[in-house]
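Student: The following block contains the structure, expressed as structure tokens.
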Amino acid sequence: MYKIAVIPGDGIGPEVVKEGLKVLEAVSSQVGIEYEKRVYDLSAERYLKTGEVMSDSVMNELKQVDAIYLGAVGDPRVKPGILEREILLRLRFELDQYVNLRPVVLYDKRFCPLKEKSEEDIDFVVVRENTEGLYCGTGGFLRKGTKEEVAVQESINTYKGVERVVRFAFEYARKRNKKKKVTLCGKTNVLTYAFDLWERVFSQVSSEFPDVQTDYAHVDAVCMWMVKNPEWFDVIVTDNMFGDIITDLGAMLQGGMGIAAGANLNPQGVSMFEPIGGSAPKYTGKNVINPLAAISALGMMLDFLGEKVAAKRVEEAVRKVVREKLKSLSAGKMGYTTSEVGNLVVEYLLKDEKV
Ligand code: IPM
Ligand code: MG
């Protein structure tokens with residue numbers, strides 16, 4: 001019996017999570033998975049009402065579950081940074097989810113913005129470091145509000161933090177068994193301390209994986225290659241900030257934020273699964289947002305729980321809905337509402353006979 005914590009969160013979060021849970025219910029009864037879910041109302045709404053973002057006791061409860069399923073965090077009524085830091089980043093950090101795994105997969109070339117690229121060209125994963133770098137929140141102000149102001153924001157990179165995420169990337173490339181190639185995405189020509197450490201660790205770890213090819217590109221060049229030759233990539237490993245940026249670009253190659261899923265992983269602890277698109281406030285409550293990213297994130301959750309058959313089935317159903325039904329992957333243009341897309345995935349799951 002799995003214990004699943006559900007955090008619908010803000011904006012369109014609740015709408016897409018609802019569709020994900022529909023799919024979880026369908027696939028679970030189909031392949032015989034038992035779970036118990038508990039919903040946590042961590043959100044802007046709750047913060048505005050109570051002044052509290054997340055209590056320590058909730059944080060402790062979340063340390064005891066098997067997985068967390070998250071919708072979205074962020075609301076225009078709350079100053080940027082509060083909810084992000086005290087919900088999303090707090091969970092990533094305190095649960096030590098040191099890998100942010102973000103697949104970039106094109107299910108249907110109709111939705112790729114790149115000319116002359118198709119499904120076989122866009123199939124790689126970004127392994128984003130998820131607990132360090134510029135996201136640590138280290139820094140401060142001097143003489144704030146004056147013309148002599150100084151603002152410092154530091155990037156923290158530790159041997160332990162870099163080593164474990166780089167090792168994960170190599171192991172993942174081996175397990176994926178596709179091109180078996182890991183590309184380090186950095187900026188060794190400017191960030192001469194941080195990426196010096198990354199480069200040394202990368203080369204050390206790579207020596208234990210003689211069957212995996214290595215490559216290096218600066219982050220700006222990675223952006224260029226992602227557009228020009230995405231077929232060169234298999235696994236990209238990078239720091240927190242660069243990973244954040246290149247995965248939005250990656251989402252566009254897949255057809256948009258509506259299809260891009262991600263997993264915040266602690267392979268030894270509690271992991272959290274989320275669509276990477278954010279709360280999209282302007283679409284809230286309209287039943288027009290694409291729930292497939294959230295449904296794919298649910299598929300990743302099943303995979304990491306070890307429910308490989310269920311995970312595969314969800315991925316196949318999503319792929320079929322994209323290829324056979326949708327007119328577009330974008331909000332309001334799919335040809336279906338949010339809940340209809342969820343129903344379609346369930347329909348495809350149920351008619352796929354090979355259980
Ligand atoms: C993401 C988001 C978050 C991040 C924000 C909401 C803090 O952009 O998951 O990519 O920067 O990590
Ligand atoms: Mg982001």
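For the structure tokens, the naming scheme is as follows: chains receive sequential letters (A, B, ...) according to their order of presentation, residues are indexed from 1 within each chain, and ligands are indexed from 1 in presentation order.
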May I have the residues within 7 Å of ligand 2, computed using only C-alpha atoms and all ligand atoms, as a ChimeraX atom specification?
Tutor: /A:244-245,247-248,276
Student: Which neighbours of stretch 158-170 of chain A fall inside 8 Å, counting only C-alpha atoms, when residues of the same chain fewer than 2 positions from it are skipped, and could you give them as a list in words?
Tutor: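 Result of the neighbour search: Tyr98, Val99, Val127, Arg128, Glu129, Thr131, Glu132, Ile156, Tyr172, Ala173, Arg174, Val182, Leu197, Trp198, Val201, Phe202, Val205, Ser206, Phe209, Val212, Val235, Ile236 and Val237 of chain A.
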Student: Could the residues in this selection be written to a file with N, CA, C and O atoms, as a PDB file, in the first residue's frame?
Tutor:
ATOM      1  N   TYR A  98      17.971  15.444  -4.792  1.00  0.00           N
ATOM      2  CA  TYR A  98      19.125  16.066  -5.439  1.00  0.00           C
ATOM      3  C   TYR A  98      19.146  15.961  -6.950  1.00  0.00           C
ATOM      4  O   TYR A  98      19.983  16.566  -7.607  1.00  0.00           O
ATOM      5  N   VAL A  99      18.223  15.189  -7.511  1.00  0.00           N
ATOM      6  CA  VAL A  99      18.136  15.110  -8.978  1.00  0.00           C
ATOM      7  C   VAL A  99      16.797  15.667  -9.435  1.00  0.00           C
ATOM      8  O   VAL A  99      15.756  15.281  -8.920  1.00  0.00           O
ATOM      9  N   VAL A 127      19.373  16.061 -16.527  1.00  0.00           N
ATOM     10  CA  VAL A 127      19.555  15.753 -15.108  1.00  0.00           C
ATOM     11  C   VAL A 127      20.041  17.046 -14.463  1.00  0.00           C
ATOM     12  O   VAL A 127      21.190  17.451 -14.622  1.00  0.00           O
ATOM     13  N   ARG A 128      19.105  17.713 -13.802  1.00  0.00           N
ATOM     14  CA  ARG A 128      19.394  19.018 -13.211  1.00  0.00           C
ATOM     15  C   ARG A 128      19.719  18.837 -11.736  1.00  0.00           C
ATOM     16  O   ARG A 128      18.936  18.223 -11.008  1.00  0.00           O
ATOM     17  N   GLU A 129      20.848  19.389 -11.292  1.00  0.00           N
ATOM     18  CA  GLU A 129      21.148  19.368  -9.854  1.00  0.00           C
ATOM     19  C   GLU A 129      20.036  20.175  -9.182  1.00  0.00           C
ATOM     20  O   GLU A 129      19.603  21.185  -9.689  1.00  0.00           O
ATOM     21  N   THR A 131      19.600  20.786  -5.464  1.00  0.00           N
ATOM     22  CA  THR A 131      19.686  21.192  -4.051  1.00  0.00           C
ATOM     23  C   THR A 131      20.758  22.245  -3.780  1.00  0.00           C
ATOM     24  O   THR A 131      20.991  22.603  -2.622  1.00  0.00           O
ATOM     25  N   GLU A 132      21.457  22.688  -4.833  1.00  0.00           N
ATOM     26  CA  GLU A 132      22.577  23.607  -4.581  1.00  0.00           C
ATOM     27  C   GLU A 132      22.569  24.767  -5.580  1.00  0.00           C
ATOM     28  O   GLU A 132      21.523  25.231  -6.002  1.00  0.00           O
ATOM     29  N   ILE A 156      26.462  27.897  -4.642  1.00  0.00           N
ATOM     30  CA  ILE A 156      27.145  26.911  -3.806  1.00  0.00           C
ATOM     31  C   ILE A 156      27.280  25.605  -4.579  1.00  0.00           C
ATOM     32  O   ILE A 156      26.282  25.069  -5.074  1.00  0.00           O
ATOM     33  N   TYR A 172      22.142   6.676 -15.239  1.00  0.00           N
ATOM     34  CA  TYR A 172      20.892   6.801 -15.996  1.00  0.00           C
ATOM     35  C   TYR A 172      21.138   6.564 -17.492  1.00  0.00           C
ATOM     36  O   TYR A 172      20.338   5.921 -18.173  1.00  0.00           O
ATOM     37  N   ALA A 173      22.260   7.081 -17.992  1.00  0.00           N
ATOM     38  CA  ALA A 173      22.596   6.890 -19.417  1.00  0.00           C
ATOM     39  C   ALA A 173      22.765   5.404 -19.712  1.00  0.00           C
ATOM     40  O   ALA A 173      22.321   4.902 -20.741  1.00  0.00           O
ATOM     41  N   ARG A 174      23.380   4.707 -18.781  1.00  0.00           N
ATOM     42  CA  ARG A 174      23.578   3.266 -18.932  1.00  0.00           C
ATOM     43  C   ARG A 174      22.227   2.557 -18.933  1.00  0.00           C
ATOM     44  O   ARG A 174      21.942   1.721 -19.775  1.00  0.00           O
ATOM     45  N   VAL A 182      26.767  11.129 -21.989  1.00  0.00           N
ATOM     46  CA  VAL A 182      26.430  12.180 -21.023  1.00  0.00           C
ATOM     47  C   VAL A 182      27.153  13.460 -21.425  1.00  0.00           C
ATOM     48  O   VAL A 182      28.370  13.460 -21.633  1.00  0.00           O
ATOM     49  N   LEU A 197      35.241  22.625 -10.548  1.00  0.00           N
ATOM     50  CA  LEU A 197      34.858  21.473  -9.721  1.00  0.00           C
ATOM     51  C   LEU A 197      34.002  20.489 -10.521  1.00  0.00           C
ATOM     52  O   LEU A 197      34.262  19.284 -10.548  1.00  0.00           O
ATOM     53  N   TRP A 198      32.999  20.995 -11.204  1.00  0.00           N
ATOM     54  CA  TRP A 198      32.110  20.121 -11.996  1.00  0.00           C
ATOM     55  C   TRP A 198      32.913  19.318 -13.027  1.00  0.00           C
ATOM     56  O   TRP A 198      32.707  18.120 -13.184  1.00  0.00           O
ATOM     57  N   VAL A 201      35.061  16.566 -11.345  1.00  0.00           N
ATOM     58  CA  VAL A 201      34.228  15.464 -10.862  1.00  0.00           C
ATOM     59  C   VAL A 201      33.671  14.665 -12.033  1.00  0.00           C
ATOM     60  O   VAL A 201      33.665  13.428 -12.030  1.00  0.00           O
ATOM     61  N   PHE A 202      33.252  15.374 -13.069  1.00  0.00           N
ATOM     62  CA  PHE A 202      32.697  14.716 -14.258  1.00  0.00           C
ATOM     63  C   PHE A 202      33.719  13.754 -14.857  1.00  0.00           C
ATOM     64  O   PHE A 202      33.409  12.603 -15.176  1.00  0.00           O
ATOM     65  N   VAL A 205      34.270  10.691 -12.414  1.00  0.00           N
ATOM     66  CA  VAL A 205      33.155   9.737 -12.416  1.00  0.00           C
ATOM     67  C   VAL A 205      33.101   9.002 -13.754  1.00  0.00           C
ATOM     68  O   VAL A 205      32.874   7.794 -13.819  1.00  0.00           O
ATOM     69  N   SER A 206      33.365   9.730 -14.842  1.00  0.00           N
ATOM     70  CA  SER A 206      33.250   9.111 -16.172  1.00  0.00           C
ATOM     71  C   SER A 206      34.229   7.949 -16.335  1.00  0.00           C
ATOM     72  O   SER A 206      33.953   7.008 -17.068  1.00  0.00           O
ATOM     73  N   PHE A 209      32.816   4.655 -16.007  1.00  0.00           N
ATOM     74  CA  PHE A 209      31.788   4.273 -16.988  1.00  0.00           C
ATOM     75  C   PHE A 209      32.380   4.252 -18.392  1.00  0.00           C
ATOM     76  O   PHE A 209      32.008   5.066 -19.244  1.00  0.00           O
ATOM     77  N   VAL A 212      30.183   4.554 -21.463  1.00  0.00           N
ATOM     78  CA  VAL A 212      29.367   5.755 -21.696  1.00  0.00           C
ATOM     79  C   VAL A 212      30.260   6.851 -22.277  1.00  0.00           C
ATOM     80  O   VAL A 212      31.310   7.179 -21.727  1.00  0.00           O
ATOM     81  N   VAL A 235      21.846  12.249 -22.439  1.00  0.00           N
ATOM     82  CA  VAL A 235      21.663  12.714 -21.067  1.00  0.00           C
ATOM     83  C   VAL A 235      22.496  13.986 -20.908  1.00  0.00           C
ATOM     84  O   VAL A 235      23.687  13.984 -21.241  1.00  0.00           O
ATOM     85  N   ILE A 236      21.881  15.051 -20.448  1.00  0.00           N
ATOM     86  CA  ILE A 236      22.607  16.291 -20.158  1.00  0.00           C
ATOM     87  C   ILE A 236      22.617  16.461 -18.652  1.00  0.00           C
ATOM     88  O   ILE A 236      21.560  16.389 -18.011  1.00  0.00           O
ATOM     89  N   VAL A 237      23.787  16.675 -18.065  1.00  0.00           N
ATOM     90  CA  VAL A 237      23.828  16.940 -16.626  1.00  0.00           C
ATOM     91  C   VAL A 237      24.307  18.380 -16.416  1.00  0.00           C
ATOM     92  O   VAL A 237      25.210  18.839 -17.112  1.00  0.00           O
TER      93      VAL A 237
END
Student: Mind checking which residues fall within 9 Å of A:Gln30, counting only C-alpha atoms, ignoring those fewer than 4 positions away in the same chain, and posting them as a list of chain:residue names?
Tutor: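 Non-adjacent residues within range: A:Glu25, A:Ala26, A:Ala310, A:Leu349, A:Leu350, A:Val355.
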Student: Convert the current residue selection to file output with all heavy atoms, as a PDB file, in the first residue's frame.
Tutor:
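Contents of out_31.pdb, freshly written:
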ATOM      1  N   GLU A  25      -6.098   6.286 -10.520  1.00  0.00           N
ATOM      2  CA  GLU A  25      -7.147   5.364 -10.081  1.00  0.00           C
ATOM      3  C   GLU A  25      -7.389   4.284 -11.138  1.00  0.00           C
ATOM      4  O   GLU A  25      -7.447   3.085 -10.827  1.00  0.00           O
ATOM      5  CB  GLU A  25      -8.432   6.165  -9.833  1.00  0.00           C
ATOM      6  CG  GLU A  25      -9.435   5.434  -8.977  1.00  0.00           C
ATOM      7  CD  GLU A  25     -10.716   6.247  -8.806  1.00  0.00           C
ATOM      8  OE1 GLU A  25     -10.617   7.464  -8.502  1.00  0.00           O
ATOM      9  OE2 GLU A  25     -11.802   5.679  -8.990  1.00  0.00           O
ATOM     10  N   ALA A  26      -7.470   4.714 -12.391  1.00  0.00           N
ATOM     11  CA  ALA A  26      -7.755   3.754 -13.464  1.00  0.00           C
ATOM     12  C   ALA A  26      -6.640   2.723 -13.602  1.00  0.00           C
ATOM     13  O   ALA A  26      -6.887   1.521 -13.642  1.00  0.00           O
ATOM     14  CB  ALA A  26      -7.958   4.500 -14.777  1.00  0.00           C
ATOM     15  N   ALA A 310       2.591  -0.278 -14.961  1.00  0.00           N
ATOM     16  CA  ALA A 310       1.642   0.834 -14.896  1.00  0.00           C
ATOM     17  C   ALA A 310       2.236   2.084 -15.549  1.00  0.00           C
ATOM     18  O   ALA A 310       1.558   2.794 -16.300  1.00  0.00           O
ATOM     19  CB  ALA A 310       1.276   1.114 -13.445  1.00  0.00           C
ATOM     20  N   LEU A 349      -6.208   3.826 -21.731  1.00  0.00           N
ATOM     21  CA  LEU A 349      -5.666   2.861 -20.753  1.00  0.00           C
ATOM     22  C   LEU A 349      -6.546   1.630 -20.719  1.00  0.00           C
ATOM     23  O   LEU A 349      -6.066   0.506 -20.732  1.00  0.00           O
ATOM     24  CB  LEU A 349      -5.695   3.476 -19.350  1.00  0.00           C
ATOM     25  CG  LEU A 349      -4.500   4.220 -18.838  1.00  0.00           C
ATOM     26  CD1 LEU A 349      -4.835   4.800 -17.476  1.00  0.00           C
ATOM     27  CD2 LEU A 349      -3.282   3.312 -18.755  1.00  0.00           C
ATOM     28  N   LEU A 350      -7.855   1.858 -20.658  1.00  0.00           N
ATOM     29  CA  LEU A 350      -8.781   0.755 -20.474  1.00  0.00           C
ATOM     30  C   LEU A 350      -8.899  -0.094 -21.731  1.00  0.00           C
ATOM     31  O   LEU A 350      -9.132  -1.295 -21.644  1.00  0.00           O
ATOM     32  CB  LEU A 350     -10.157   1.274 -20.033  1.00  0.00           C
ATOM     33  CG  LEU A 350     -10.134   2.007 -18.676  1.00  0.00           C
ATOM     34  CD1 LEU A 350     -11.513   2.464 -18.288  1.00  0.00           C
ATOM     35  CD2 LEU A 350      -9.525   1.139 -17.568  1.00  0.00           C
ATOM     36  N   VAL A 355      -2.420  -6.273 -20.253  1.00  0.00           N
ATOM     37  CA  VAL A 355      -2.176  -5.913 -18.847  1.00  0.00           C
ATOM     38  C   VAL A 355      -1.054  -6.781 -18.278  1.00  0.00           C
ATOM     39  O   VAL A 355      -1.078  -7.982 -18.452  1.00  0.00           O
ATOM     40  CB  VAL A 355      -3.443  -6.096 -17.977  1.00  0.00           C
ATOM     41  CG1 VAL A 355      -3.182  -5.659 -16.556  1.00  0.00           C
ATOM     42  CG2 VAL A 355      -4.582  -5.282 -18.560  1.00  0.00           C
TER      43      VAL A 355
END
Student: Residues contacting ligand 1 - anything with an atom at most 8 Å away, using only C-alpha atoms and all ligand atoms - can you give me those as a list in words?
Tutor: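 I would give the residues around ligand 1 as Val73, Gly74, Gly81, Glu84, Arg85, Leu88, Leu89, Asn130, Tyr135, Asn240, Met241, Gly243, Asp244, Ile245, Thr247, Asp248, Ile276, Gly277 and Gly278 of chain A.
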Student: Mind the document's chain letters and residue numbers, and return as number ranges by chain the residues of stretch 185-310 of chain A that DSSP labels strand (DSSP E).
Tutor: A: 185-186, 213-218, 235-238, 261-265, 271-275
Student: Would you save the residues from that selection as a PDB file, in the first residue's frame, using N, CA and C atoms?
Tutor:
ATOM      1  N   CYS A 185      26.830  20.227 -19.161  1.00  0.00           N
ATOM      2  CA  CYS A 185      26.467  21.575 -19.602  1.00  0.00           C
ATOM      3  C   CYS A 185      26.936  22.538 -18.519  1.00  0.00           C
ATOM      4  N   GLY A 186      27.905  23.402 -18.860  1.00  0.00           N
ATOM      5  CA  GLY A 186      28.455  24.292 -17.846  1.00  0.00           C
ATOM      6  C   GLY A 186      28.805  25.650 -18.408  1.00  0.00           C
ATOM      7  N   GLN A 213      29.818   7.414 -23.407  1.00  0.00           N
ATOM      8  CA  GLN A 213      30.572   8.518 -24.035  1.00  0.00           C
ATOM      9  C   GLN A 213      30.376   9.810 -23.260  1.00  0.00           C
ATOM     10  N   THR A 214      31.342  10.698 -23.328  1.00  0.00           N
ATOM     11  CA  THR A 214      31.181  11.984 -22.647  1.00  0.00           C
ATOM     12  C   THR A 214      31.312  13.132 -23.637  1.00  0.00           C
ATOM     13  N   ASP A 215      30.727  14.245 -23.246  1.00  0.00           N
ATOM     14  CA  ASP A 215      30.826  15.438 -24.067  1.00  0.00           C
ATOM     15  C   ASP A 215      30.685  16.636 -23.129  1.00  0.00           C
ATOM     16  N   TYR A 216      31.148  17.786 -23.572  1.00  0.00           N
ATOM     17  CA  TYR A 216      31.001  19.003 -22.785  1.00  0.00           C
ATOM     18  C   TYR A 216      30.518  20.114 -23.706  1.00  0.00           C
ATOM     19  N   ALA A 217      29.609  20.957 -23.222  1.00  0.00           N
ATOM     20  CA  ALA A 217      29.267  22.187 -23.950  1.00  0.00           C
ATOM     21  C   ALA A 217      28.919  23.277 -22.944  1.00  0.00           C
ATOM     22  N   HIS A 218      29.311  24.492 -23.271  1.00  0.00           N
ATOM     23  CA  HIS A 218      28.888  25.633 -22.450  1.00  0.00           C
ATOM     24  C   HIS A 218      27.371  25.785 -22.579  1.00  0.00           C
ATOM     25  N   VAL A 235      21.846  12.249 -22.439  1.00  0.00           N
ATOM     26  CA  VAL A 235      21.663  12.714 -21.067  1.00  0.00           C
ATOM     27  C   VAL A 235      22.496  13.986 -20.908  1.00  0.00           C
ATOM     28  N   ILE A 236      21.881  15.051 -20.448  1.00  0.00           N
ATOM     29  CA  ILE A 236      22.607  16.291 -20.158  1.00  0.00           C
ATOM     30  C   ILE A 236      22.617  16.461 -18.652  1.00  0.00           C
ATOM     31  N   VAL A 237      23.787  16.675 -18.065  1.00  0.00           N
ATOM     32  CA  VAL A 237      23.828  16.940 -16.626  1.00  0.00           C
ATOM     33  C   VAL A 237      24.307  18.380 -16.416  1.00  0.00           C
ATOM     34  N   THR A 238      23.655  19.070 -15.480  1.00  0.00           N
ATOM     35  CA  THR A 238      23.997  20.479 -15.305  1.00  0.00           C
ATOM     36  C   THR A 238      23.598  20.988 -13.927  1.00  0.00           C
ATOM     37  N   ALA A 261       7.046  17.002 -18.196  1.00  0.00           N
ATOM     38  CA  ALA A 261       6.952  16.501 -16.821  1.00  0.00           C
ATOM     39  C   ALA A 261       8.334  16.425 -16.191  1.00  0.00           C
ATOM     40  N   GLY A 262       8.353  16.390 -14.867  1.00  0.00           N
ATOM     41  CA  GLY A 262       9.639  16.273 -14.182  1.00  0.00           C
ATOM     42  C   GLY A 262       9.518  15.538 -12.862  1.00  0.00           C
ATOM     43  N   ALA A 263      10.670  15.015 -12.415  1.00  0.00           N
ATOM     44  CA  ALA A 263      10.712  14.290 -11.150  1.00  0.00           C
ATOM     45  C   ALA A 263      11.825  14.847 -10.291  1.00  0.00           C
ATOM     46  N   ASN A 264      11.492  15.176  -9.055  1.00  0.00           N
ATOM     47  CA  ASN A 264      12.503  15.603  -8.082  1.00  0.00           C
ATOM     48  C   ASN A 264      12.845  14.362  -7.274  1.00  0.00           C
ATOM     49  N   LEU A 265      14.043  13.843  -7.493  1.00  0.00           N
ATOM     50  CA  LEU A 265      14.335  12.515  -6.951  1.00  0.00           C
ATOM     51  C   LEU A 265      15.336  12.523  -5.813  1.00  0.00           C
ATOM     52  N   SER A 271      10.570  11.133  -3.059  1.00  0.00           N
ATOM     53  CA  SER A 271      10.665  11.896  -4.304  1.00  0.00           C
ATOM     54  C   SER A 271       9.343  12.592  -4.603  1.00  0.00           C
ATOM     55  N   MET A 272       9.429  13.605  -5.464  1.00  0.00           N
ATOM     56  CA  MET A 272       8.238  14.424  -5.751  1.00  0.00           C
ATOM     57  C   MET A 272       8.106  14.611  -7.264  1.00  0.00           C
ATOM     58  N   PHE A 273       6.881  14.521  -7.756  1.00  0.00           N
ATOM     59  CA  PHE A 273       6.645  14.495  -9.200  1.00  0.00           C
ATOM     60  C   PHE A 273       5.735  15.642  -9.586  1.00  0.00           C
ATOM     61  N   GLU A 274       6.106  16.367 -10.635  1.00  0.00           N
ATOM     62  CA  GLU A 274       5.346  17.572 -10.980  1.00  0.00           C
ATOM     63  C   GLU A 274       5.426  17.886 -12.462  1.00  0.00           C
ATOM     64  N   PRO A 275       4.362  18.488 -13.003  1.00  0.00           N
ATOM     65  CA  PRO A 275       4.478  19.073 -14.329  1.00  0.00           C
ATOM     66  C   PRO A 275       5.371  20.293 -14.188  1.00  0.00           C
TER      67      PRO A 275
END
Student: Applying 12 Å and only C-alpha atoms, which residues near A:Asp56 remain after dropping the ones on its own chain fewer than 5 positions away? List them as a VMD selection string.
Tutor: chain A and resid 61 to 63 86 to 87 90 to 91 94
Student: What is the atom CA of A:Tyr40 to atom CA of A:Val65 distance in Å?
Tutor: 12.3 Å
Student: So which residues touch A:Ser155 within 8 Å, counting only C-alpha atoms, skipping near sequence neighbours fewer than 4 positions away, as a count of residues only?
Tutor: 7
Student: Can you list, as a count of residues only, every protein, DNA or RNA residue that comes within 10 Å of A:Ala260 when you count only C-alpha atoms, leaving out same-chain residues fewer than 5 positions away?
Tutor: 23
Student: Using only C-alpha atoms, pick whichever of A:Val288, A:Ala311, A:Met301, A:Val150 has the shortest atom-to-atom distance to A:Val270.
Tutor: A:Met301
Student: Hey, can you check how far atom CA of A:Asn290 sits from atom CA of A:Pro267?
Tutor: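 The value is 28.8 Å.
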Student: I need the helix (DSSP H, G or I) residues of stretch 150-281 of chain A per DSSP on the backbone, written as JSON, numbers by chain.
Tutor: {"A": [159, 160, 161, 162, 163, 164, 165, 166, 167, 168, 169, 170, 171, 172, 173, 174, 175, 176, 194, 195, 196, 197, 198, 199, 200, 201, 202, 203, 204, 205, 206, 219, 220, 221, 222, 223, 224, 225, 226, 227, 228, 230, 231, 232, 240, 241, 242, 243, 244, 245, 246, 247, 248, 249, 250, 251, 252, 253, 254, 257, 258, 259, 281]}
Student: Find the nearest atom pair between each residue of stretch 263-353 of chain A and stretch 109-121 of chain A for residues within 10 Å, count only C-alpha atoms, give distances in Å to one decimal, sort rows by chain and ascending number, and present the table as CSV.
Tutor:
residue,atom,partner,partner_atom,distance
A:Val322,CA,A:Phe111,CA,9.3
A:Arg323,CA,A:Arg110,CA,8.8
A:Leu326,CA,A:Phe111,CA,9.9
A:Lys327,CA,A:Phe111,CA,9.1
A:Ser328,CA,A:Phe111,CA,6.9
A:Leu329,CA,A:Phe111,CA,7.1
A:Ser330,CA,A:Phe111,CA,9.5
Student: Next, write the just-selected residues to a file, as a PDB file, in the first residue's frame, keeping all heavy atoms as the atom set.
Tutor:
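Saved as again-v1.pdb:
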ATOM      1  N   VAL A 322      -1.940  12.039 -27.611  1.00  0.00           N
ATOM      2  CA  VAL A 322      -1.263  13.121 -28.333  1.00  0.00           C
ATOM      3  C   VAL A 322      -1.336  12.872 -29.840  1.00  0.00           C
ATOM      4  O   VAL A 322      -1.685  13.761 -30.622  1.00  0.00           O
ATOM      5  CB  VAL A 322       0.214  13.239 -27.884  1.00  0.00           C
ATOM      6  CG1 VAL A 322       0.988  14.164 -28.813  1.00  0.00           C
ATOM      7  CG2 VAL A 322       0.303  13.738 -26.446  1.00  0.00           C
ATOM      8  N   ARG A 323      -1.029  11.667 -30.263  1.00  0.00           N
ATOM      9  CA  ARG A 323      -0.903  11.375 -31.695  1.00  0.00           C
ATOM     10  C   ARG A 323      -2.255  11.231 -32.392  1.00  0.00           C
ATOM     11  O   ARG A 323      -2.419  11.630 -33.534  1.00  0.00           O
ATOM     12  CB  ARG A 323      -0.078  10.109 -31.913  1.00  0.00           C
ATOM     13  CG  ARG A 323       1.373  10.279 -31.488  1.00  0.00           C
ATOM     14  CD  ARG A 323       2.153   9.004 -31.723  1.00  0.00           C
ATOM     15  NE  ARG A 323       2.249   8.683 -33.145  1.00  0.00           N
ATOM     16  CZ  ARG A 323       3.224   9.110 -33.924  1.00  0.00           C
ATOM     17  NH1 ARG A 323       4.188   9.862 -33.443  1.00  0.00           N
ATOM     18  NH2 ARG A 323       3.232   8.777 -35.194  1.00  0.00           N
ATOM     19  N   LEU A 326      -5.261  14.912 -30.160  1.00  0.00           N
ATOM     20  CA  LEU A 326      -5.136  16.350 -29.915  1.00  0.00           C
ATOM     21  C   LEU A 326      -4.812  17.164 -31.167  1.00  0.00           C
ATOM     22  O   LEU A 326      -4.030  16.753 -32.010  1.00  0.00           O
ATOM     23  CB  LEU A 326      -4.081  16.601 -28.835  1.00  0.00           C
ATOM     24  CG  LEU A 326      -4.353  16.018 -27.450  1.00  0.00           C
ATOM     25  CD1 LEU A 326      -3.469  16.698 -26.418  1.00  0.00           C
ATOM     26  CD2 LEU A 326      -5.813  16.134 -27.037  1.00  0.00           C
ATOM     27  N   LYS A 327      -5.428  18.341 -31.237  1.00  0.00           N
ATOM     28  CA  LYS A 327      -5.162  19.263 -32.337  1.00  0.00           C
ATOM     29  C   LYS A 327      -3.943  20.112 -32.041  1.00  0.00           C
ATOM     30  O   LYS A 327      -3.300  20.652 -32.929  1.00  0.00           O
ATOM     31  CB  LYS A 327      -6.359  20.200 -32.499  1.00  0.00           C
ATOM     32  CG  LYS A 327      -7.537  19.546 -33.174  1.00  0.00           C
ATOM     33  CD  LYS A 327      -8.319  20.615 -33.922  1.00  0.00           C
ATOM     34  CE  LYS A 327      -9.765  20.494 -33.620  1.00  0.00           C
ATOM     35  NZ  LYS A 327     -10.516  21.381 -32.894  1.00  0.00           N
ATOM     36  N   SER A 328      -3.684  20.307 -30.744  1.00  0.00           N
ATOM     37  CA  SER A 328      -2.548  21.110 -30.317  1.00  0.00           C
ATOM     38  C   SER A 328      -2.249  20.689 -28.886  1.00  0.00           C
ATOM     39  O   SER A 328      -3.095  20.069 -28.238  1.00  0.00           O
ATOM     40  CB  SER A 328      -2.930  22.595 -30.374  1.00  0.00           C
ATOM     41  OG  SER A 328      -2.095  23.346 -29.515  1.00  0.00           O
ATOM     42  N   LEU A 329      -1.053  21.030 -28.402  1.00  0.00           N
ATOM     43  CA  LEU A 329      -0.757  20.720 -26.997  1.00  0.00           C
ATOM     44  C   LEU A 329      -0.982  21.939 -26.116  1.00  0.00           C
ATOM     45  O   LEU A 329      -0.774  21.903 -24.914  1.00  0.00           O
ATOM     46  CB  LEU A 329       0.692  20.225 -26.856  1.00  0.00           C
ATOM     47  CG  LEU A 329       1.025  18.904 -27.555  1.00  0.00           C
ATOM     48  CD1 LEU A 329       2.506  18.562 -27.385  1.00  0.00           C
ATOM     49  CD2 LEU A 329       0.175  17.768 -27.002  1.00  0.00           C
ATOM     50  N   SER A 330      -1.384  23.052 -26.719  1.00  0.00           N
ATOM     51  CA  SER A 330      -1.484  24.310 -25.967  1.00  0.00           C
ATOM     52  C   SER A 330      -2.856  24.509 -25.338  1.00  0.00           C
ATOM     53  O   SER A 330      -3.875  24.038 -25.867  1.00  0.00           O
ATOM     54  CB  SER A 330      -1.207  25.484 -26.897  1.00  0.00           C
ATOM     55  OG  SER A 330       0.021  25.291 -27.538  1.00  0.00           O
TER      56      SER A 330
END
Student: Which one of A:Leu21, A:Ser339, A:Val126, A:Ile4 sits closest to A:Asn100 if you count only C-alpha atoms?
Tutor: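 Nearest candidate to A:Asn100 out of A:Leu21, A:Ser339, A:Val126, A:Ile4: A:Val126.
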Student: Find the residue from A:Met224, A:Val219, A:Val6, A:Val309 that sits nearest to A:Gly32; use only C-alpha atoms when measuring.
Tutor: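 Among the listed residues, A:Val309 lies closest to A:Gly32.
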Student: For A:Glu353, please output as JSON, numbers by chain all residues within 12 Å (counting only C-alpha atoms; exclusion window: fewer than 4 positions along the same chain).
Tutor: {"A": [30, 31, 313, 317, 347, 348, 349]}
